[in-house]
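Asks: Below you'll find query_10.cif; it's mmCIF, C-alpha atoms.
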```cif
data_upload
loop_
_atom_site.label_atom_id
_atom_site.label_comp_id
_atom_site.auth_asym_id
_atom_site.auth_seq_id
_atom_site.Cartn_x
_atom_site.Cartn_y
_atom_site.Cartn_z
CA LEU L 6 -18.07 37.61 45.04
CA LEU L 7 -20.01 35.54 42.52
CA ARG L 8 -20.77 31.99 43.64
CA HIS L 9 -22.15 29.62 41.00
CA HIS L 10 -24.20 26.53 41.95
CA ARG L 11 -25.63 24.65 38.98
CA HIS L 12 -28.14 27.08 37.49
CA THR L 13 -28.16 29.48 40.41
CA HIS L 14 -25.70 32.05 41.67
CA THR L 15 -25.32 34.27 44.69
CA THR L 16 -23.80 37.73 44.57
CA VAL L 17 -22.39 39.16 47.80
CA THR L 18 -20.84 42.60 48.08
CA VAL L 19 -18.56 43.09 51.09
CA THR L 20 -17.23 46.49 52.14
CA VAL L 21 -14.32 46.27 54.60
CA ARG L 22 -13.64 49.30 56.75
CA PRO L 23 -10.40 48.94 58.75
CA ASP L 24 -11.59 51.37 61.39
CA ARG L 25 -14.47 49.10 62.44
CA ARG L 26 -13.55 46.17 64.66
CA GLY L 27 -15.41 43.01 63.79
CA THR L 28 -16.04 43.85 60.13
CA MET L 29 -13.74 41.06 59.03
CA ARG L 30 -15.77 38.58 61.05
CA ALA L 31 -18.97 39.72 59.37
CA ALA L 32 -17.32 39.52 55.97
CA THR L 33 -16.15 35.97 56.63
CA LEU L 34 -19.66 34.88 57.61
CA LEU L 35 -21.03 36.35 54.38
CA LEU L 36 -18.39 34.58 52.32
CA LEU L 37 -19.16 31.29 54.03
CA ALA L 38 -22.86 31.70 53.36
CA ALA L 39 -22.17 32.47 49.71
CA ALA L 40 -19.99 29.39 49.39
CA THR L 41 -22.60 27.05 50.85
CA PRO L 42 -24.62 25.10 48.25
CA ALA L 43 -28.24 26.12 48.03
CA SER L 44 -29.26 22.50 48.62
CA ALA L 45 -28.10 22.81 52.23
CA PHE L 46 -30.85 25.31 52.93
CA LEU L 47 -33.88 23.54 51.48
CA GLY L 48 -37.10 24.12 53.38
CA HIS L 49 -37.82 22.01 56.45
CA GLY L 50 -39.46 18.67 55.89
CA PHE L 51 -38.79 18.28 52.16
CA GLY L 52 -35.93 15.82 52.65
CA ARG L 53 -34.22 16.27 49.29
CA GLY L 54 -30.52 16.84 48.73
CA GLY L 55 -27.89 18.67 50.75
CA VAL L 56 -27.79 18.78 54.51
CA ALA L 57 -31.56 18.75 54.85
CA GLY L 58 -31.99 15.54 52.89
CA SER L 59 -29.08 13.68 54.46
CA LEU L 60 -30.09 14.59 58.00
CA LEU L 61 -33.62 13.33 57.53
CA THR L 62 -32.40 9.89 56.57
CA ARG L 63 -31.20 9.42 60.15
CA SER L 64 -33.11 9.57 63.46
CA MET L 65 -34.27 13.18 63.47
CA PHE L 66 -37.02 15.00 65.33
CA SER L 67 -38.99 18.17 64.73
CA GLY L 68 -39.35 19.50 68.28
CA ILE L 69 -43.15 19.29 67.98
CA ILE L 70 -44.14 17.30 71.07
CA GLU L 71 -46.66 14.57 70.26
CA GLU L 72 -47.78 13.83 73.80
CA MET L 73 -46.74 13.91 77.43
CA GLY L 74 -46.01 10.71 79.32
CA THR L 75 -45.10 9.93 82.92
CA CYS L 76 -42.00 8.46 84.47
CA ARG L 77 -42.85 5.09 86.04
CA SER L 78 -39.34 4.26 87.21
CA LEU L 79 -35.67 5.15 86.85
CA GLU L 80 -33.51 2.34 88.17
CA ARG L 81 -29.96 1.05 88.07
CA ASN L 82 -29.82 -2.54 86.83
CA PRO L 83 -26.63 -4.47 87.75
CA GLU L 84 -27.61 -7.48 85.63
CA LEU L 85 -27.98 -6.07 82.12
CA GLU L 86 -27.00 -8.61 79.50
CA LEU L 87 -24.29 -7.40 77.13
CA TRP L 88 -23.55 -8.35 73.54
CA ASP L 89 -21.19 -11.17 74.53
CA GLY L 90 -23.50 -12.70 77.13
CA SER L 91 -21.71 -11.13 80.09
CA LYS L 92 -23.45 -8.91 82.66
CA GLY L 93 -23.00 -5.18 83.21
CA GLU L 94 -24.56 -2.37 85.21
CA GLY L 95 -26.76 0.21 83.50
CA VAL L 96 -29.65 2.61 84.04
CA GLU L 97 -33.15 1.87 82.72
CA LEU L 98 -36.02 4.33 82.39
CA VAL L 99 -39.66 3.28 82.00
CA ILE L 100 -42.23 5.76 80.64
CA GLU L 101 -45.97 5.08 80.90
CA GLY L 102 -49.28 6.70 80.03
CA CYS L 103 -48.45 7.12 76.36
CA ASN L 104 -50.27 5.98 73.23
CA THR L 105 -49.35 8.15 70.25
CA VAL L 106 -45.59 7.52 70.37
CA LEU L 107 -46.19 3.76 70.60
CA ASP L 108 -48.12 3.72 67.33
CA GLY L 109 -45.81 1.80 65.01
CA ALA L 110 -43.27 1.18 67.78
CA TYR L 111 -40.78 -1.69 67.59
CA ASP L 112 -37.71 -2.84 69.49
CA GLY L 113 -34.96 -0.42 68.51
CA ALA L 114 -37.32 2.47 67.62
CA SER L 115 -36.21 6.01 68.45
CA ILE L 116 -38.32 8.12 70.82
CA ALA L 117 -37.20 11.47 72.20
CA ILE L 118 -37.78 11.89 75.95
CA ASN L 119 -37.45 15.53 77.00
CA GLY L 120 -35.46 16.04 73.81
CA VAL L 121 -33.09 13.10 74.34
CA CYS L 122 -33.04 10.52 71.54
CA THR L 123 -33.47 7.13 73.22
CA THR L 124 -33.81 3.57 71.93
CA VAL L 125 -36.84 1.46 72.84
CA VAL L 126 -35.76 -1.91 74.31
CA GLU L 127 -39.18 -3.09 75.54
CA PHE L 128 -42.76 -1.86 75.15
CA ASP L 129 -46.39 -2.80 75.68
CA ASP L 130 -49.74 -1.08 75.06
CA ASP L 131 -49.07 2.07 77.10
CA SER L 132 -45.44 2.04 78.26
CA PHE L 133 -41.88 1.52 77.05
CA LYS L 134 -38.40 1.03 78.46
CA VAL L 135 -35.10 2.60 77.36
CA GLY L 136 -31.51 2.35 78.49
CA LEU L 137 -29.60 5.51 79.48
CA ALA L 138 -25.87 5.74 78.79
CA PRO L 139 -23.54 7.60 81.19
CA GLU L 140 -23.07 10.38 78.60
CA THR L 141 -26.85 10.84 78.43
CA LEU L 142 -27.04 11.17 82.21
CA ARG L 143 -24.16 13.67 82.25
CA ARG L 144 -25.59 15.88 79.52
CA SER L 145 -29.31 15.85 80.31
CA ASN L 146 -31.81 16.08 83.15
CA LEU L 147 -33.16 12.54 82.68
CA GLY L 148 -31.23 11.40 85.73
CA GLU L 149 -33.39 13.73 87.85
CA LEU L 150 -36.65 11.99 86.91
CA THR L 151 -38.68 10.37 89.67
CA SER L 152 -41.87 8.32 89.59
CA GLY L 153 -44.85 10.43 88.52
CA LYS L 154 -42.88 13.22 86.79
CA PRO L 155 -44.21 14.20 83.34
CA VAL L 156 -42.02 14.07 80.22
CA ASN L 157 -42.23 15.34 76.64
CA LEU L 158 -42.39 12.62 73.98
CA GLU L 159 -41.85 12.59 70.22
CA ARG L 160 -41.25 9.83 67.68
CA SER L 161 -38.46 10.17 65.12
CA LEU L 162 -39.53 11.66 61.79
CA PRO L 163 -40.10 9.56 58.68
CA ALA L 164 -37.82 10.61 55.81
CA ASP L 165 -40.71 12.24 53.96
CA GLY L 166 -42.50 13.52 57.08
CA ARG L 167 -43.73 17.05 57.64
CA ASN L 168 -41.51 19.13 59.93
CA SER L 169 -43.43 21.89 61.68
CA GLY L 170 -40.52 22.75 63.97
CA HIS L 171 -36.82 22.53 63.09
CA PHE L 172 -34.18 19.83 62.71
CA VAL L 173 -33.69 18.44 66.22
CA GLN L 174 -31.13 15.66 66.56
CA GLY L 175 -32.08 14.54 70.05
CA HIS L 176 -28.43 15.05 71.03
CA VAL L 177 -28.81 17.33 74.05
CA ASP L 178 -25.83 19.68 74.44
CA THR L 179 -26.27 20.61 78.08
CA THR L 180 -28.81 21.69 80.67
CA GLY L 181 -29.89 25.19 81.62
CA THR L 182 -32.01 26.59 84.41
CA ILE L 183 -35.21 28.61 84.30
CA ARG L 184 -34.30 32.18 85.26
CA SER L 185 -37.77 33.73 85.26
CA LYS L 186 -41.39 33.19 84.19
CA ASP L 187 -43.69 36.08 83.26
CA PHE L 188 -46.97 36.44 81.40
CA ASP L 189 -47.62 38.88 78.58
CA GLY L 190 -51.35 38.47 77.98
CA GLU L 191 -51.91 34.77 77.30
CA SER L 192 -48.28 34.18 76.36
CA LEU L 193 -45.66 32.92 78.78
CA TRP L 194 -42.20 34.51 78.70
CA LEU L 195 -39.36 32.26 79.83
CA ARG L 196 -35.81 33.34 80.47
CA VAL L 197 -33.30 30.50 80.59
CA ASN L 198 -29.74 30.58 81.96
CA ALA L 199 -27.29 28.63 79.82
CA PRO L 200 -23.52 27.99 79.91
CA PRO L 201 -21.19 30.01 77.62
CA GLU L 202 -20.46 27.08 75.30
CA LEU L 203 -24.14 26.96 74.34
CA MET L 204 -24.82 30.71 74.48
CA LYS L 205 -22.37 31.34 71.64
CA LEU L 206 -24.69 29.28 69.40
CA VAL L 207 -27.87 31.15 70.40
CA VAL L 208 -29.06 34.06 68.24
CA PRO L 209 -32.25 36.17 68.24
CA LYS L 210 -34.99 34.59 66.08
CA GLY L 211 -32.93 31.42 65.83
CA TYR L 212 -34.00 27.93 66.89
CA ILE L 213 -33.51 26.28 70.27
CA ALA L 214 -34.88 23.00 71.62
CA ILE L 215 -35.92 23.16 75.29
CA ASP L 216 -36.76 19.75 76.77
CA GLY L 217 -37.24 18.68 73.16
CA THR L 218 -39.64 21.51 72.24
CA SER L 219 -38.77 23.55 69.14
CA LEU L 220 -38.92 27.23 70.11
CA THR L 221 -37.90 30.57 68.63
CA VAL L 222 -35.36 32.64 70.56
CA CYS L 223 -36.62 36.12 71.39
CA GLU L 224 -33.89 37.89 73.40
CA VAL L 225 -30.24 37.03 73.93
CA ASN L 226 -28.08 38.47 76.71
CA GLN L 227 -24.56 37.14 76.21
CA SER L 228 -23.00 39.11 79.07
CA GLU L 229 -25.46 37.71 81.65
CA GLY L 230 -25.72 34.29 79.99
CA TRP L 231 -29.43 33.97 79.29
CA PHE L 232 -31.95 33.92 76.45
CA SER L 233 -35.73 34.13 76.32
CA VAL L 234 -38.57 32.37 74.50
CA MET L 235 -42.32 32.93 74.39
CA LEU L 236 -44.95 30.19 74.61
CA ILE L 237 -48.47 30.69 73.23
CA ALA L 238 -51.40 29.20 75.16
CA PHE L 239 -51.66 26.12 72.90
CA THR L 240 -47.99 25.25 73.43
CA GLN L 241 -48.30 25.74 77.19
CA MET L 242 -50.97 23.06 77.34
CA HIS L 243 -48.99 20.44 75.42
CA ILE L 244 -45.49 20.51 76.94
CA ILE L 245 -43.99 20.14 80.42
CA VAL L 246 -41.97 23.38 80.64
CA PRO L 247 -44.78 25.65 81.98
CA ASN L 248 -45.13 23.31 84.98
CA LYS L 249 -41.51 23.84 85.96
CA GLU L 250 -40.41 26.39 88.55
CA VAL L 251 -37.69 29.03 88.54
CA GLY L 252 -34.40 27.23 89.16
CA ASP L 253 -35.52 23.93 87.59
CA THR L 254 -33.30 22.40 84.91
CA VAL L 255 -34.19 22.03 81.23
CA ASN L 256 -32.45 20.15 78.43
CA LEU L 257 -30.99 22.38 75.73
CA GLU L 258 -30.01 21.59 72.15
CA ALA L 259 -28.70 24.32 69.86
CA ASP L 260 -29.55 24.41 66.16
CA VAL L 261 -27.32 21.89 64.37
CA MET L 262 -26.66 24.27 61.46
CA GLY L 263 -25.05 26.72 63.89
CA LYS L 264 -22.80 23.94 65.22
CA TYR L 265 -21.56 23.03 61.74
CA ILE L 266 -20.89 26.66 60.88
CA GLU L 267 -18.98 27.21 64.12
CA ALA L 268 -16.90 24.08 63.54
CA SER L 269 -16.02 25.10 59.98
CA MET L 270 -15.22 28.67 61.06
CA GLY L 271 -13.18 27.85 64.18
CA SER L 272 -9.63 27.87 62.79
CA LEU L 273 -10.44 30.71 60.41
CA MET L 274 -11.72 32.92 63.23
CA GLU L 275 -8.52 32.34 65.20
CA ARG L 276 -6.50 33.57 62.23
CA ILE L 277 -8.74 36.60 61.83
CA GLU L 278 -8.34 37.51 65.51
CA THR L 279 -4.55 37.22 65.18
CA LEU L 280 -4.64 39.44 62.09
CA GLU L 281 -6.84 42.02 63.84
CA LYS L 282 -4.39 42.23 66.76
CA LYS L 283 -1.51 42.69 64.34
CA VAL L 284 -3.36 45.47 62.52
CA GLU L 285 -4.07 47.21 65.84
CA GLU L 286 -0.40 46.96 66.81
CA LEU L 287 0.69 48.47 63.52
CA SER L 288 -1.94 51.22 63.73
CA SER L 289 -0.79 52.25 67.19
CA LYS L 290 2.81 52.82 66.05
#
```
Show me, as structure tokens, the structure contained in the file I just sent.
Replies:
Amino acid sequence: LLRHHRHTHTTVTVTVRPDRRGTMRAATLLLLAAATPASAFLGHGFGRGGVAGSLLTRSMFSGIIEEMGTCRSLERNPELELWDGSKGEGVELVIEGCNTVLDGAYDGASIAINGVCTTVVEFDDDSFKVGLAPETLRRSNLGELTSGKPVNLERSLPADGRNSGHFVQGHVDTTGTIRSKDFDGESLWLRVNAPPELMKLVVPKGYIAIDGTSLTVCEVNQSEGWFSVMLIAFTQMHIIVPNKEVGDTVNLEADVMGKYIEASMGSLMERIETLEKKVEELSSK
């Protein structure tokens, strides 16, 4: 296959062996990669063209935690004013003890709290308030916060900002639980249990955001439903995860590129599986 893109081209050679189950899947992935414009894979933080550029024009994060704050309060407010002047019930979260993320803050600014993109509705010198939608509470662990609990904080990236992590949307997919914690020298190994719908997007050496922290996946065990990451000493001192215990929940966001690939491949993979079953039926006759 020869794929032309402006002045560049990609050559992919695919050998299909009918006696090997799954080869067609691998071939399809290679064809999809070859058909993807090179601009979609520009280096992190450059913000030009393709998926990388378009994503950075929205509220995006890097997964590099800027500071830790503290939950002051999490309360249900039955008298929130709505757009038409009427009143409605909602949940408000106040974070205090923060300075860095308030630099340049304004009403409507985006700040990620434990990896959840939230909108600032009020702020002062060392605290800010956000509203939490029901979907946010269903998908994340923010509803578990109590006064005094620490949180990870990060401002949204400027369009031309440096990205030392990966593209984090702040759209948490689900929560997982800490399965185990072990030290290997100064590094902390974490194993995290995750539901099947997220595990299918997790690959070794791929990206994962845990409570908003950009981390590299080390091991993946699909049959038991867990993956592992390793934290160096510097990271341990600047995020909240090392302070959590086995069984505690963490927010999880899979790499957005994997989500787009899965979405584009979904119907095609169903057809391939049907074709494989047909081939097996014919081979058995």
Asks: For stretch 124-134 of chain L, please output as a ChimeraX atom specification all residues within 10 Å (counting only C-alpha atoms; exclusion window: fewer than 3 positions along the same chain).
Replies: /L:74-79,97-108,110-117,121,137
Asks: Given the choices L:Pro200, L:Gly93, L:Gly217, L:Gly153, which gets closest to L:Gly120 if the distance is worked out from all atoms listed in the file?
Replies: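 Result for the nearest residue to L:Gly120: L:Gly217.
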Asks: Nearest to L:Met204: which of L:Ile70, L:Leu257, L:Val251, L:Ala138 is it, counting only C-alpha atoms?
Replies: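 Using only C-alpha atoms, the shortest distance to L:Met204 belongs to L:Leu257.
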Asks: Please compute the atom CA of L:Leu147-atom CA of L:Pro163 distance, one decimal, in Å.
Replies: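 Answer for the atom CA of L:Leu147 to atom CA of L:Pro163 separation: 25.2 Å.
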Asks: Could you list the residues chosen by the PyMOL selection byres ((chain L and resi 169) around 12) in this structure as an MDAnalysis selection string?
Replies: chainID L and resid 48:51 66:71 162 166:168 170:173 218:220
Asks: Would you kindly translate the PyMOL selection byres ((chain L and resi 223) around 8) into the concrete residues it picks from this file, as a PyMOL selection string?
Replies: chain L and resi 209-210+221-222+224-225+232-235
Asks: Interatomic distance between atom CA of L:Pro247 and atom CA of L:Met262?
Replies: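 The value is 27.4 Å.
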Asks: I would like the residues chosen by the PyMOL selection byres ((chain L and resi 81) around 8) on the shown file; could you give them as a PyMOL selection string?
Replies: chain L and resi 79-80+82-83+94-97
Asks: Would you mind telling me which residue in L:Met65, L:Leu236, L:Leu287, L:Leu158 lies nearest to L:Val261 when using only C-alpha atoms?
Replies: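 Ranking L:Met65, L:Leu236, L:Leu287, L:Leu158 by distance to L:Val261, first place goes to L:Met65.
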Asks: Rounded to one decimal, what separation in Å do you get between atom CA of L:Leu206 and atom CA of L:Gly263?
Replies: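 Pair atom CA of L:Leu206 / atom CA of L:Gly263 returns 6.1 Å.
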Asks: Let me make sure I understand: among L:Gly211, L:Glu72, L:Gly271, L:Lys186, which one has the smallest atom-to-atom distance to L:Met242 if we use all atoms listed in the file?
Replies: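 Looking only at the distances to L:Met242, the closest residue turns out to be L:Glu72.
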Asks: Using all atoms listed in the file, pick whichever of L:Gly109, L:Pro155, L:Gly181, L:Gly136 has the shortest atom-to-atom distance to L:Ile244.
Replies: L:Pro155
Asks: With distances taken over only C-alpha atoms, which residue among L:Val156, L:Val255, L:Ile183, L:Ile277 lies nearest L:Val197?
Replies: L:Ile183
Asks: Leaving out L:Pro201 and any residue of its chain fewer than 3 positions from it, which residues lie within 12 Å of it when counting all atoms listed in the file, given as a PyMOL selection string?
Replies: chain L and resi 178-181+198+204-207+226-232
